[in-house]
Amino acid sequence: MPNLPNPRYFIPAVAAATLLMAALAASLARGESWTDTQIVQAIYRAEGGLKTRHPYGILAKYKHTTPRQACFNTVKSARRRFAKQTKEKDFIHFLSLTYCPIGAKNDPTHLNIHWKKNVKYFLAKSKIK
């Protein structure tokens, strides 16, 4: 008899993977073709890359994760929320509403208005390579 995985862990893992795939499929159906890795890399570059004190624009210090992983988690979470809604058609715009909102208290110089344009610039640049 084959060794089957414990359903207690296997079923939630399959459900989570299914949700992520559905979110990715919804993004692709809407004309998006960026992977999470490409988006995270574009965010890193738009947020200043090696020249910044806050990589990926992550201001908080986490005990058990890196700024890169926090950014990945945010992108994955946004993909799930994006798949469930129908108002916004552009994933990067949708992501910008929570990742880098215009008018945020931590943005006194109003630089957040450039975030979406900068991320899209670096995404387009990565597509050429």
# chains A, B, ... in the order shown; residues from 1 in each chain; ligands from 1

$ residues_around --residues "region 112-127 of chain A" --least-positions-apart "5" --cutoff "10 Å" --atoms "only C-alpha atoms" --output "list of chain:residue names"
A:Ser33, A:Trp34, A:Thr35, A:Gln38, A:Ile39, A:Val40, A:Gln41, A:Ala42, A:Ile43, A:Tyr44, A:Arg45, A:Ala46, A:Glu47, A:Ile92, A:His93, A:Phe94, A:Leu95, A:Ser96, A:Leu97, A:Tyr99, A:Cys100, A:Pro101, A:Ile102, A:Gly103, A:Ala104, A:Asn106, A:Asp107
